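*Asks:* Have a look at this one.
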Amino acid sequence: MTKRTKEILALLDEKYSREYKCYLNHETAWQLLIATILSAQCTDARVNIVTKDLFQKYDSIEKFANAELSKLEQDIKTTGFYHNKAKNIILCCRKLLDEYQGEVPRTIEELTSLAGVGRKTANVIRGNIYHEPSIVVDTHVKRISKRLGFTKEEDPEKIEYELMKVLPKEHWILYNIQIITFGRNICYARSPKCEECFMQKYCTEYKGINRKHQGKNEE
DNA sequence: CTCCCGATAT
DNA sequence: ATATCAGGAG
């Protein structure tokens, strides 16, 4: 690990909690799995609003597996992409029952074989439920890892492997949640709060005081 | 690469 | 009006 990387991780540890706190409300592994499927291109705040009622109405994997598609679509509608998500959740839960005895599997291969579950969702489960070191590359991790100069890749899977080489294993899970918090509070995709950012020194896009991020319409 | 898609901030 | 939000499948 380079000195620069060590300093960035120290700054994150200093600013944000070192304890892992998931932003998607859940009580069980299968609830986190469904919440994460719903979180695609949707804010975690919106997902939590939906799952609050959803997990009372559907209080088991069986309920989701036997759900009526059009009903479930309406129940998750406000998360967007609701046709795909509803269909995937039903298929996913049926497979959990048919092939995994209702247990959420542990490996990337098994997890990504479930409908609606890609690498990002699989890594959320592995990190959060099974406490396996894993890099979750979501929109925040992608954007901010590029700004911090950890990667220049566009493909989330390539970014995942690159971050594995750069970051020590003990920080993999922590990095994910700290970067999301950083992205929510300061390092926005649009109009990030660069002037009050504690990461200025390490940002490849910071242009200096009184300048907009990425240098559009300057001077 | 395209499509899926509602809610919110700018 | 447009960009963005804890992406995934065909």
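Note on naming: chains are A, B, ... as they come in the structure tokens, residues start from 1 per chain, ligands start from 1 in the order shown.
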Pull out every residue of chain A that has at least one atom within 7 Å of chain C, counting only C-alpha atoms (C1' of nucleotides), and report them as an MDAnalysis selection string.
*Replies:* chainID A and resid 39:44 116:118 138
*Asks:* For the selection you just gave me, I'd like the residues written to a file as a CSV table (one decimal), in the first residue's frame, keeping N, CA, C and O atoms.
*Replies:*
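New file again27.csv:
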chain,number,residue,atom,x,y,z
A,39,SER,N,-32.5,-1.6,-4.9
A,39,SER,CA,-31.8,-0.3,-4.9
A,39,SER,C,-31.1,0.1,-6.2
A,39,SER,O,-30.5,1.2,-6.2
A,40,ALA,N,-31.3,-0.7,-7.2
A,40,ALA,CA,-30.7,-0.4,-8.5
A,40,ALA,C,-31.2,1.0,-9.0
A,40,ALA,O,-32.4,1.1,-9.2
A,41,GLN,N,-30.4,1.9,-9.3
A,41,GLN,CA,-30.8,3.2,-9.8
A,41,GLN,C,-31.9,3.9,-9.0
A,41,GLN,O,-32.9,4.4,-9.5
A,42,CYS,N,-31.8,3.8,-7.7
A,42,CYS,CA,-32.8,4.3,-6.7
A,42,CYS,C,-32.1,4.7,-5.4
A,42,CYS,O,-31.1,4.0,-5.1
A,43,THR,N,-32.5,5.7,-4.8
A,43,THR,CA,-31.9,6.1,-3.5
A,43,THR,C,-32.2,5.1,-2.4
A,43,THR,O,-33.3,4.5,-2.4
A,44,ASP,N,-31.3,4.9,-1.5
A,44,ASP,CA,-31.5,4.0,-0.4
A,44,ASP,C,-32.7,4.5,0.5
A,44,ASP,O,-33.4,3.7,1.1
A,116,GLY,N,-31.8,-11.1,-11.0
A,116,GLY,CA,-31.7,-9.7,-10.5
A,116,GLY,C,-30.5,-9.4,-9.6
A,116,GLY,O,-30.3,-8.3,-9.1
A,117,VAL,N,-29.6,-10.5,-9.4
A,117,VAL,CA,-28.4,-10.3,-8.6
A,117,VAL,C,-27.2,-10.3,-9.4
A,117,VAL,O,-26.8,-11.3,-10.1
A,118,GLY,N,-26.5,-9.2,-9.5
A,118,GLY,CA,-25.2,-9.1,-10.2
A,118,GLY,C,-24.1,-9.0,-9.1
A,118,GLY,O,-24.3,-9.2,-8.0
A,138,ASP,N,-20.5,0.4,-6.5
A,138,ASP,CA,-21.8,1.0,-6.9
A,138,ASP,C,-21.4,2.3,-7.6
A,138,ASP,O,-20.3,2.6,-7.8
*Asks:* Which residues of chain A are close to chain B, meaning at most 6 Å apart when you count only C-alpha atoms (C1' of nucleotides), and how do they look as a list in words?
*Replies:*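 Therefore, the residues near the partner are Thr78, Gly80 and Phe81 of chain A.
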*Asks:* Using CA of Glu73 (chain A) and CA of Val124 (chain A) as the two end points, give the distance in Å to one decimal.
*Replies:*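 A separation of 23.7 Å between them.
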*Asks:* Extract, using only C-alpha atoms (C1' of nucleotides), all DNA, RNA and protein residues at most 8 Å from region 127-132 of chain A, discarding same-chain residues fewer than 4 positions from it, and format them as a ChimeraX atom specification.
*Replies:* /A:22,29,106,123,173
*Asks:* Output the selection as an mmCIF file, in the first residue's frame - N, CA, C and O atoms for each residue.
*Replies:*
data_model
loop_
_atom_site.group_PDB
_atom_site.id
_atom_site.type_symbol
_atom_site.label_atom_id
_atom_site.label_comp_id
_atom_site.auth_asym_id
_atom_site.auth_seq_id
_atom_site.Cartn_x
_atom_site.Cartn_y
_atom_site.Cartn_z
ATOM 1 N N CYS A 22 -24.977 -0.577 7.430
ATOM 2 C CA CYS A 22 -25.657 -0.672 6.145
ATOM 3 C C CYS A 22 -26.791 0.341 6.077
ATOM 4 O O CYS A 22 -27.549 0.496 7.036
ATOM 5 N N ALA A 29 -31.084 -11.931 6.047
ATOM 6 C CA ALA A 29 -30.269 -11.975 4.835
ATOM 7 C C ALA A 29 -31.147 -11.816 3.592
ATOM 8 O O ALA A 29 -30.808 -11.056 2.679
ATOM 9 N N ARG A 106 -23.633 -18.113 -0.394
ATOM 10 C CA ARG A 106 -22.467 -17.384 0.080
ATOM 11 C C ARG A 106 -21.470 -17.007 -1.017
ATOM 12 O O ARG A 106 -20.745 -16.028 -0.885
ATOM 13 N N ASN A 123 -21.817 -8.867 -3.733
ATOM 14 C CA ASN A 123 -20.785 -8.408 -2.799
ATOM 15 C C ASN A 123 -21.373 -7.725 -1.571
ATOM 16 O O ASN A 123 -20.784 -7.775 -0.495
ATOM 17 N N ILE A 173 -14.499 -3.752 3.018
ATOM 18 C CA ILE A 173 -15.903 -3.503 3.360
ATOM 19 C C ILE A 173 -16.096 -2.087 3.872
ATOM 20 O O ILE A 173 -17.043 -1.391 3.513
#
*Asks:* Mind checking DSSP for region 16-191 of chain A and telling me the alpha helix (DSSP H) residues as a ChimeraX atom specification?
*Replies:* /A:29-38,44-57,61-65,69-76,82-100,108-112,119-128,139-147,156-166,172-185
*Asks:* Using only C-alpha atoms (C1' of nucleotides), which residues sit within 8 Å of Ile135 (chain A) once same-chain residues fewer than 6 positions away are excluded, as a list in words?
*Replies:*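 The neighbour list is Asn123, Glu160, Leu163, Met164, Trp172, Ile173 and Asn176 of chain A.
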*Asks:* What does the distance from CA of Gly183 (chain A) to CA of Ser145 (chain A) come to in Å, to one decimal?
*Replies:*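 Distance between the two atoms: 10.7 Å.
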*Asks:* Which residues come within 9 Å of Arg94 (chain A), counting only C-alpha atoms (C1' of nucleotides), excluding same-chain residues fewer than 4 positions away, as number ranges by chain?
*Replies:* A: 61-62, 64-66, 89-90, 98-99, 102
